[in-house]
Number of protein chains: 2
Amino acid sequence: MISDKMQGLVKNSSVIRAMFEEGKRLADIYGAENVYDFSLGNPNVPAPKEVNQAIIDIINEENPVYVHGYMSNSGYEDVRGRIAESLNRRFGTSFSTGNILMTVGAAGGMNAFFKAFINPGDEIITFAPYFGEYRAYASNVEANLVVIPPNTENFQPDIEALREAITPKTKAVIINTPNNPTGVIYSEATLRRIADVLECKQKEFNTVIAVFSDEPYRELAYDGIEVPYVTKYYNNTVVGYSYSKSLSLPGERIGYLVIPDEFDDAENVISACNVAIRILGFVNAPSLMQRVIGRCVDIDVSENVAVYNRNREALYNGLTEIGFECVKPEGAFYMFVKTPVDDKEFAERAKKYNILVVPGSSFGCPGYVRIAYCVAYETIINSMPQFRKLAEEIGGK
Amino acid sequence: MISDKMQGLVKNSSVIRAMFEEGKRLADIYGAENVYDFSLGNPNVPAPKEVNQAIIDIINEENPVYVHGYMSNSGYEDVRGRIAESLNRRFGTSFSTGNILMTVGAAGGMNAFFKAFINPGDEIITFAPYFGEYRAYASNVEANLVVIPPNTENFQPDIEALREAITPKTKAVIINTPNNPTGVIYSEATLRRIADVLECKQKEFNTVIAVFSDEPYRELAYDGIEVPYVTKYYNNTVVGYSYSKSLSLPGERIGYLVIPDEFDDAENVISACNVAIRILGFVNAPSLMQRVIGRCVDIDVSENVAVYNRNREALYNGLTEIGFECVKPEGAFYMFVKTPVDDKEFAERAKKYNILVVPGSSFGCPGYVRIAYCVAYETIINSMPQFRKLAEEIGGK
């Protein structure tokens with residue numbers, strides 16, 4: 001009885017659900033502390049205390065009709081203004097209130113922008129490995145997702161492959177830096193090269209090609225590496241941001257879009273996104289959380305980043321010592337580890353050791369697994385003997 | 001540069017935005033207390049104090065990683081279970097956790113269900129006057145919205161017209177009771193007649209036709225009138241609920257879907273809705289608000305209903321005394337008033353008297369205007385002399 005498009009999706013989704021269930025099942029048998037669940041990007045670090053204080057203060061201080069009420073589909077103007085100021089201060093940009101649209105997380109933002117900007121049959125390019133949901137989001141607007149094969153040497157984007165993939169139907173390129181699942185960060189030089197290719201192709205085909213910069217991991221960068229702000233390198237950039245990871249609020253569904261004035265036909269694109277937020281059924285980003293962001297836009301998240309960094313070092317050192325191969329992540333909280341056997345088989349055999357990881361096939365990059373290290377430090381330390389047994393079993397296969 | 005589908009929508013939306021702006025402009029000139037803005041369904045009654053207390057208690061008592069974290073795309077199981085129990089207690093139904101899916105408001109719920117259930121080219125029927133967004137929601141899944149002309153005698157649904165409108169392509173019928181914009185409530189007898197027609201047509205065409213019961217106004221019923229629970233009359237019913245109006249939380253985007261076990265292929269439909277919530281970019285209903293609902297599922301909202309009832313009486317008595325014609329609303333917080341001149345002209349001329357109302361044309365029913373009485377009581381009382389002047393001007397035209 002369900003719609004045709006849903007048939008395959010429901011089947012796939014039951015695979016993911018099965019992993020959820022497997023985690024629960026293993027925890028029931030062996031105890032949660034003996035299950036090493038690296039399958040989910042659900043931060044284990046709590047939201048900064050300022051966030052919870054802001055919630056309480058808002059409830060005590062602000063007018064409830066306003067706090068819980070409708071506002072413009074793009075969000076409260078004061079909150080959008082404060083985000084613009086914060087970005088300008090941190091990245092030397094010059095956004096104003098009108099450039100910021102509050103969204104139901106980064107996923108809500110990307111879907112709103114696609115609805116506003118993409119026609120059926122358009123092509124959206126992304127680089128493997130990529131967050132699997134991009135395929136569904138492209139399908140929502142009847143666009144074709146064109147995937148650039150992975151550059152497994154260092155997981156930096158393959159610029160020449162990008163050049164070859166662009167056609168007159170190319171309407172958008174999704175980039176995701178810091179990257180899920182590899183943890184790679186695109187350098188300034190890389191962004192300039194991407195921009196050059198796109199500028200050139202826009203002229204060649206007389207088209208407008210948007211870069212959608214999906215940035216839920218922007219603040220999670222290690223070793224002092226800067227994450228360049230993409231709008232500074234390419235005018236037709238839209239940024240999709242989420243507070244899910246930086247403020248540990250994934251369930252709250254709060255983020256924003258940035259559409260700069262320099263974007264082609266910016267005024268109409270902004271209006272169209274505003275309408276898209278409404279007609280897709282989001283209506284607006286959750287109101288209380290918007291007001292929280294208004295108060296917390298500049299809080300220091302370095303403590304949380306330090307926690308993930310400690311995890312990163314422990315996991316990377318532990319796994320490479322055992323003999324696993326992996327590009328050391330510079331950001332986000334994922335490690336993308338080469339598997340000596342088929343990645344699905346690896347993930348399956350890891351379960352015997354109570355280790356849950358996601359096969360790289362889910363990200364368009366077989367031969368690897370994603371290990372999410374937004375877990376307790378102890379989980380990483382205690383998992384190492386298990387990883388070692390797994391390696392021995394597989395090595396001796 | 002925006003997508004083709006968006007071109008017209010952006011134009012239309014600027015009309016609505018213009019009304020917003022007009023309200024602000026008039027308030028700046030005449031003072032907010034001298035502007036009678038009846039254009040918005042934004043409750044002016046604050047959320048019950050229990051809601052704000054629940055927010056503070058949850059922040060103080062529950063684990064923040066859990067409160068702000070990811071959960072199943074369908075929501076927290078305990079919250080869904082409590083909603084099921086509450087419905088069972090109040091309406092004699094027998095739902096369980098699995099029948100309830102938490103959604104980003106009723107709009108999010110309807111879009112998720114359509115995505116899960118509707119194929120391109122399918123027909124979705126609704127009765128005029130209807131909430132204009134239904135057209136966009138149908139368009140999101142490439143379905144055609146078929147509108148049954150209004151029964152202006154009493155705004156009850158025209159059952160014979162429904163029978164004639166159903167084709168083999170009919171996949172869903174949207175009903176909305178208590179109704180926006182008329183305030184009409186469908187009786188048990190009406191629901192039985194709708195069910196009979198649909199059962200009969202399902203057999204005739206060997207199809208499944210869903211009733212989508214859009215119920216954000218369920219609790220807002222006056223004079224002791226019961227709002228029958230639709231799943232009891234027709235098996236293939238999905239209920240879309242929102243706490244926007246009953247708990248005055250429209251900005252928080254919190255609601256749920258009910259998909260009963262009796263629905264055809266229920267298990268798959270529920271799974272598909274779960275996936276749809278994810279891939280449409282909602283991911284899940286806002287987490288903190290879900291936990292709030294878990295604590296507030298049974299709070300008494302009669303105080304708020306009494307406020308709206310007082311408004312209803314004052315507005316209805318005032319307007320009919322002046323000579324306006326209108327079916328007295330039994331629920332919701334809207335009055336649908338006949339206009340002696342074209343409805344758009346009426347709305348335009350009303351602005352001269354600082355009165356803002358929405359033309360019935362926006363609801364597929366010209367010749368009427370919608371007056372939202374979820375405003376301060378004083379606004380209604382003070383608007384009466386203005387309505388009188390407007391009536392005199394138009395009468396003397």
# chains A, B, ... in the order shown; residues from 1 in each chain; ligands from 1
$ residues_around --residues "range 80-90 of chain B" --least-positions-apart "6" --cutoff "9 Å" --atoms "only C-alpha atoms" --output "PyMOL selection string"
chain B and resi 74+96-102+256+258+290+293-295+297-298
$ interface_residues --of "chain B" --to "chain A" --cutoff "7 Å" --atoms "only C-alpha atoms" --output "ChimeraX atom specification"
/B:1-4,6,10,13,42,44-47,52,56,59,64-65,68-70,104,107-108,111,116-119,133,136-137,249-253,265,268-269,271-272,275,279-282,284,286-288
$ residues_around --residues "Thr379 in chain A" --least-positions-apart "4" --cutoff "7 Å" --atoms "only C-alpha atoms" --output "number ranges by chain"
A: 36, 375, 383
$ residues_around --residues "Val173 in chain B" --least-positions-apart "6" --cutoff "8 Å" --atoms "only C-alpha atoms" --output "short mmCIF file (atom, residue, chain, number, x, y, z; two decimals) with N, CA, C and O atoms, in the first residue's frame"
data_model
loop_
_atom_site.label_atom_id
_atom_site.label_comp_id
_atom_site.auth_asym_id
_atom_site.auth_seq_id
_atom_site.Cartn_x
_atom_site.Cartn_y
_atom_site.Cartn_z
N ILE B 124 -5.99 13.50 -4.26
CA ILE B 124 -6.31 13.73 -2.85
C ILE B 124 -7.50 14.68 -2.82
O ILE B 124 -7.45 15.76 -3.41
N ILE B 125 -8.57 14.25 -2.17
CA ILE B 125 -9.79 15.04 -2.14
C ILE B 125 -9.86 15.84 -0.85
O ILE B 125 -9.46 15.36 0.21
N THR B 126 -10.36 17.07 -0.95
CA THR B 126 -10.70 17.80 0.27
C THR B 126 -11.95 18.64 0.02
O THR B 126 -12.38 18.80 -1.12
N ILE B 209 -8.49 3.77 0.11
CA ILE B 209 -8.60 5.22 0.21
C ILE B 209 -8.43 5.62 1.67
O ILE B 209 -9.21 5.20 2.53
N ALA B 210 -7.40 6.40 1.93
CA ALA B 210 -7.14 6.84 3.31
C ALA B 210 -7.95 8.10 3.61
O ALA B 210 -8.12 8.95 2.75
N VAL B 211 -8.47 8.17 4.83
CA VAL B 211 -8.93 9.46 5.35
C VAL B 211 -7.78 10.03 6.17
O VAL B 211 -7.25 9.34 7.06
N PHE B 212 -7.35 11.23 5.82
CA PHE B 212 -6.39 11.92 6.68
C PHE B 212 -7.17 12.94 7.50
O PHE B 212 -7.69 13.91 6.96
#
$ residues_around --residues "range 153-164 of chain B" --least-positions-apart "4" --cutoff "7 Å" --atoms "only C-alpha atoms" --output "list in words"
Phe127, Ile148, Val184, Tyr186, Ile194, Val197 and Val327 of chain B
$ write_last_selection --atoms "N, CA and C atoms" --output "PDB file, in the first residue's frame"
ATOM      1  N   PHE B 127     -12.533  19.134   1.103  1.00  0.00           N
ATOM      2  CA  PHE B 127     -13.774  19.898   1.022  1.00  0.00           C
ATOM      3  C   PHE B 127     -13.490  21.394   1.184  1.00  0.00           C
ATOM      4  N   ILE B 148     -13.864  19.565  -3.322  1.00  0.00           N
ATOM      5  CA  ILE B 148     -15.330  19.494  -3.357  1.00  0.00           C
ATOM      6  C   ILE B 148     -15.865  20.894  -3.063  1.00  0.00           C
ATOM      7  N   VAL B 184     -16.750  24.580  11.886  1.00  0.00           N
ATOM      8  CA  VAL B 184     -17.738  23.502  11.876  1.00  0.00           C
ATOM      9  C   VAL B 184     -17.120  22.202  12.411  1.00  0.00           C
ATOM     10  N   TYR B 186     -17.701  17.958  12.402  1.00  0.00           N
ATOM     11  CA  TYR B 186     -18.451  16.879  11.749  1.00  0.00           C
ATOM     12  C   TYR B 186     -19.047  15.979  12.812  1.00  0.00           C
ATOM     13  N   ILE B 194     -19.573   9.470   5.433  1.00  0.00           N
ATOM     14  CA  ILE B 194     -18.307   9.526   4.676  1.00  0.00           C
ATOM     15  C   ILE B 194     -17.701   8.122   4.596  1.00  0.00           C
ATOM     16  N   VAL B 197     -19.500   5.878   2.060  1.00  0.00           N
ATOM     17  CA  VAL B 197     -19.132   6.199   0.678  1.00  0.00           C
ATOM     18  C   VAL B 197     -17.754   5.615   0.346  1.00  0.00           C
ATOM     19  N   VAL B 327     -22.267  31.219   9.882  1.00  0.00           N
ATOM     20  CA  VAL B 327     -22.627  30.010  10.622  1.00  0.00           C
ATOM     21  C   VAL B 327     -21.870  30.052  11.943  1.00  0.00           C
TER      22      VAL B 327
END
$ residues_around --residues "Glu330 in chain B" --least-positions-apart "6" --cutoff "8 Å" --atoms "only C-alpha atoms" --output "PyMOL selection string"
chain B and resi 178+183-185+221-223+225
$ select_by_dssp --residues "range 175-391 of chain A" --states "alpha helix (DSSP H)" --output "count of residues only"
86
$ residues_around --residues "Ala314 in chain A" --least-positions-apart "5" --cutoff "12 Å" --atoms "only C-alpha atoms" --output "mmCIF file with N, CA and C atoms, in the first residue's frame"
data_model
loop_
_atom_site.group_PDB
_atom_site.id
_atom_site.type_symbol
_atom_site.label_atom_id
_atom_site.label_comp_id
_atom_site.auth_asym_id
_atom_site.auth_seq_id
_atom_site.Cartn_x
_atom_site.Cartn_y
_atom_site.Cartn_z
ATOM 1 N N VAL A 307 37.227 16.849 24.264
ATOM 2 C CA VAL A 307 36.789 15.481 24.576
ATOM 3 C C VAL A 307 36.880 14.602 23.337
ATOM 4 N N TYR A 308 36.369 15.106 22.218
ATOM 5 C CA TYR A 308 36.416 14.309 20.988
ATOM 6 C C TYR A 308 37.856 14.106 20.518
ATOM 7 N N ASN A 309 38.672 15.116 20.738
ATOM 8 C CA ASN A 309 40.066 15.014 20.306
ATOM 9 C C ASN A 309 40.794 13.905 21.068
ATOM 10 N N LEU A 319 44.104 1.799 16.899
ATOM 11 C CA LEU A 319 43.813 1.012 15.697
ATOM 12 C C LEU A 319 45.040 0.865 14.791
ATOM 13 N N THR A 320 45.805 1.941 14.647
ATOM 14 C CA THR A 320 46.987 1.839 13.776
ATOM 15 C C THR A 320 48.035 0.914 14.401
ATOM 16 N N GLU A 321 48.121 0.927 15.736
ATOM 17 C CA GLU A 321 49.042 0.023 16.422
ATOM 18 C C GLU A 321 48.685 -1.435 16.132
ATOM 19 N N LYS A 328 44.241 9.861 9.135
ATOM 20 C CA LYS A 328 43.912 10.454 10.434
ATOM 21 C C LYS A 328 42.936 11.615 10.244
ATOM 22 N N MET A 335 36.035 8.154 12.034
ATOM 23 C CA MET A 335 37.261 7.635 11.456
ATOM 24 C C MET A 335 36.840 6.628 10.400
ATOM 25 N N TYR A 373 33.384 8.155 16.844
ATOM 26 C CA TYR A 373 34.027 8.176 18.163
ATOM 27 C C TYR A 373 33.442 9.251 19.099
ATOM 28 N N VAL A 375 31.749 8.803 21.534
ATOM 29 C CA VAL A 375 31.332 7.844 22.570
ATOM 30 C C VAL A 375 32.156 8.116 23.828
ATOM 31 N N ALA A 376 31.895 7.362 24.874
ATOM 32 C CA ALA A 376 32.693 7.505 26.096
ATOM 33 C C ALA A 376 34.132 7.057 25.809
ATOM 34 N N TYR A 377 35.081 7.753 26.416
ATOM 35 C CA TYR A 377 36.503 7.411 26.259
ATOM 36 C C TYR A 377 36.734 5.947 26.616
ATOM 37 N N GLU A 378 36.066 5.493 27.671
ATOM 38 C CA GLU A 378 36.238 4.109 28.137
ATOM 39 C C GLU A 378 35.813 3.113 27.048
ATOM 40 N N THR A 379 34.801 3.484 26.302
ATOM 41 C CA THR A 379 34.339 2.602 25.229
ATOM 42 C C THR A 379 35.485 2.350 24.242
ATOM 43 N N ILE A 380 36.211 3.410 23.942
ATOM 44 C CA ILE A 380 37.331 3.276 23.004
ATOM 45 C C ILE A 380 38.433 2.409 23.616
ATOM 46 N N ILE A 381 38.818 2.747 24.833
ATOM 47 C CA ILE A 381 39.899 1.999 25.486
ATOM 48 C C ILE A 381 39.532 0.522 25.624
ATOM 49 N N ASN A 382 38.305 0.267 26.093
ATOM 50 C CA ASN A 382 37.902 -1.115 26.324
ATOM 51 C C ASN A 382 37.661 -1.900 25.032
ATOM 52 N N SER A 383 37.447 -1.188 23.938
ATOM 53 C CA SER A 383 37.182 -1.882 22.672
ATOM 54 C C SER A 383 38.471 -2.395 22.029
ATOM 55 N N MET A 384 39.612 -1.862 22.453
ATOM 56 C CA MET A 384 40.867 -2.173 21.757
ATOM 57 C C MET A 384 41.221 -3.662 21.766
#
$ atom_distance --atom1 "CA of Gly360 in chain A" --atom2 "CA of Phe333 in chain A"
15.5 Å
$ atom_distance --atom1 "CA of Thr170 in chain A" --atom2 "CA of Ser362 in chain A"
23.7 Å
$ closest_residue --among "B:Leu145, B:Arg312, B:Glu33, B:Glu61" --to "Phe131 in chain B" --atoms "only C-alpha atoms"
B:Leu145
$ select_by_dssp --residues "range 232-344 of chain B" --states "strand (DSSP E)" --output "ChimeraX atom specification"
/B:237-242,255-258,334-338
$ write_last_selection --atoms "C-alpha atoms" --output "compact mmCIF listing (two decimals), in the first residue's frame"
# COMPACT_ATOMS: atom_id res chain seq x y z
CA THR B 237 -7.95 6.58 8.86
CA VAL B 238 -4.75 8.38 9.77
CA VAL B 239 -4.99 11.13 12.36
CA GLY B 240 -2.64 14.11 12.26
CA TYR B 241 -2.53 15.98 15.52
CA SER B 242 -0.70 19.08 16.69
CA GLY B 255 2.47 16.83 17.00
CA TYR B 256 1.90 13.20 16.09
CA LEU B 257 0.39 10.79 13.60
CA VAL B 258 -1.93 7.97 14.61
CA TYR B 334 -12.21 30.98 13.37
CA MET B 335 -15.41 32.55 12.11
CA PHE B 336 -16.22 32.47 8.40
CA VAL B 337 -18.29 35.52 7.62
CA LYS B 338 -20.22 36.25 4.44
$ atom_distance --atom1 "CA of Lys245 in chain A" --atom2 "CA of Glu262 in chain A"
28.2 Å
